[in-house]
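Below is one structure, written out as structure tokens; comments come after it.
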Amino acid sequence: MEFIPRITRAQAMDVLSSQANLAGYRAVIEAAAHFARPFPMFMTAAGTVQAAKCFVLGAGVAGLQAIATARRLGAIVSATDVRKAAGEQVESLGAKFVFIDLKDGEGGGGYARALTQEEQAQQAALVSQHVKNQDIVITTALIPGRPAPRLITKAMVETMKPGSVIVDLAAEAGGNCEVTKADEIVRHGNVSILGFTDLASRVAVDASALYARNLLAFLTPL
């Protein structure tokens, strides 16, 4: 099912999108569960609790759902993507779009392409400056048929605030974060890195229903 072309006619068969949508949602829920502070801002007589800052790397299906969910929970959300066209979608969800100016980061099938070394250095510099001020980082960057791009180094993790959480949705493909381990929670210093590969399964009822509809849409034309 994962090899079905991402074309208009096959949208209803697209298991990558249906499952990634749920994974993006669940990534934020897991982040909230492992984050020791609330997401929204609270103003009380005893003082103000600042809203959590959430940074999403990759504004595909999973990334956009993560942005929307984090916004609903009251976080201050920013996002980045190598595809400039993703900026409008990010901003339509109320998040700030952080971008390095690339010629064209679009790859086949709506995915991002692999970046050149120079572009990777630019992206790393942008991410490095941004992650150190974030409470939650959710990475979703994948390139079909290749290992996940390394976006967050160990050094970047060490600059993050104590209690911060990284959720790496690319853990199964090697991870976007250097210290990610698939299906494990890694604590590096005071930062938790969640490498769950079963996020869609954690909302299993709807994941199963959507997958069943993907299969039906595939089999019906036959």
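Ordered as shown in the structure tokens, chains take letters A, B, and onward, while each chain numbers its residues from 1 and ligands are numbered from 1 in the order shown.
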
- So which residues of range 169-210 of chain A fall under helix (DSSP H, G or I) by DSSP, listed as a PyMOL selection string? chain A and resi 171-173+200-210

- Using only C-alpha atoms, determine which residues lie at most 9 Å from range 51-53 of chain A, disregarding the query and same-chain residues fewer than 4 positions distant; provide the list as a count of residues only. 16

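Among A:Asp81, A:Asp14, A:Glu30, A:Glu88, the residue with the shortest atom-to-atom distance to Ile166 in chain A, counting only C-alpha atoms, is A:Glu30.
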
- Query: Near Ala182 in chain A, counting only C-alpha atoms, which residues have an atom at most 6 Å away, once you skip same-chain residues fewer than 3 positions from it, shown as a list in words?
  - Reply: Ala171, Glu172 and Gly195 of chain A

- Tell me which protein, DNA and RNA residues are within 10 Å of Ala79 in chain A, counting only C-alpha atoms, leaving out same-chain ones fewer than 4 positions away, and put them as a list in words. Cys54, Phe55, Val56, Leu57, Gly58, Ala59, Gly63, Leu64, Ala66, Ile67, Ala86, Gly87, Val90, Glu91, Ala95, Lys96, Phe97, Val98, Phe99, His130, Val137, Ile138 and Thr139 of chain A
